[in-house]
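Accompanying notes for the structure given below.
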Amino acid sequence: MPSVLVVEDEPEIRASLIEVLGEHGHLVRSAADGFGALREVTRAPLDAVVLDLGLPDLDGADALRMIRGISQVPVLVATARDDEAEIIKLLDAGADDYLVKPFSGGQLVARLNAVLRRSAAAHHPPAAAPGPEAGPGGLLAVGGLVIDPRGRSAHLDGAELKLTRREFDLLAYLARHVDQVVPKRQLLAEVWREPYVDDQTIDVHLSALRRKLGERGSLPRYLRTVRGVGIKMVTPR
């Protein structure tokens, strides 16, 4: 049974989340505040954390950063903040996915199970030979962008890019398909590998990547949106 920590300060909501997750086969622990969450994370191994941002003692984003400082446990953020800039900050801080309140128990279970599957896949990736586009050592090079899929690192003009796990997966996939238009449904199938991820999640990750690549949607260098079709990585001229 996956072990999940629910961090929620409202007793009724916390009890409801515990009940829903327990009914779907999860072993649930709980905490009512940020410092309680940190104690639980250090107390025993966890498979995932569901983290509410409106905590009484710590801002949820600060709690997320502190959890990331001591553990790589997958974190699903539950937030009432639907602003794209705020969501990007959460993903940059180490969130693996997010749910905007209010959400149903079914949505929570689906998103959490998706996070757990991605985490399992990341720890046990299938063996694969480098594709024909890979350079020496399996490196992917597009202009000044160099990606090391094996070492899970990326550099732009010699400077390392600080990417979340999902941002790296998305960037590497697009680099493997350079100069090809990749439909969003293909990204859902090949990068997220989940039917429950929506287009907004992809857009948020693309926006974060563009910012880290030093570009804007109106001034693309590497990532171009082909309206109504998908995303294309190109070599800057």
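We label chains A, B, ... in the order they appear in the structure tokens, count residues from 1 in each chain, and number ligands from 1 in the order shown.
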
Identify, on the basis of only C-alpha atoms, every residue whose closest approach to Glu12 of chain A does not exceed 12 Å; exclude the query and any residue fewer than 6 positions from it along the same chain; express the result as an mmCIF file with N, CA and C atoms, in the first residue's frame.
data_model
loop_
_atom_site.group_PDB
_atom_site.id
_atom_site.type_symbol
_atom_site.label_atom_id
_atom_site.label_comp_id
_atom_site.auth_asym_id
_atom_site.auth_seq_id
_atom_site.Cartn_x
_atom_site.Cartn_y
_atom_site.Cartn_z
ATOM 1 N N ILE A 18 -8.376 11.902 3.983
ATOM 2 C CA ILE A 18 -7.896 10.634 4.541
ATOM 3 C C ILE A 18 -8.855 9.508 4.183
ATOM 4 N N GLU A 19 -10.146 9.785 4.298
ATOM 5 C CA GLU A 19 -11.150 8.758 3.995
ATOM 6 C C GLU A 19 -11.105 8.352 2.524
ATOM 7 N N ALA A 32 -1.280 18.671 10.434
ATOM 8 C CA ALA A 32 -2.150 19.843 10.381
ATOM 9 C C ALA A 32 -1.399 21.134 10.099
#

Residue neighbourhood Ala85 of chain A, 12 Å, only C-alpha atoms, exclusion window fewer than 3 positions, as an MDAnalysis selection string: chainID A and resid 81:82 88:92 203:205 207:208 211

Expected answer as JSON, numbers by chain: alpha helix (DSSP H) residues in segment 32-157 of chain A: {"A": [34, 35, 36, 37, 38, 39, 40, 41, 42, 43, 60, 61, 62, 63, 64, 65, 66, 67, 68, 69, 70, 84, 85, 86, 87, 88, 89, 90, 91, 92, 105, 106, 107, 108, 109, 110, 111, 112, 113, 114, 115, 116, 117, 118, 119, 120, 121, 122, 123]}

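Between atom CA of Arg221 of chain A and atom CA of Val191 of chain A the interatomic distance comes to 21.9 Å.
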
Distance of atom CA of Asp169 of chain A from atom CA of Ala78 of chain A, expressed in Å to one decimal place: 22.8 Å
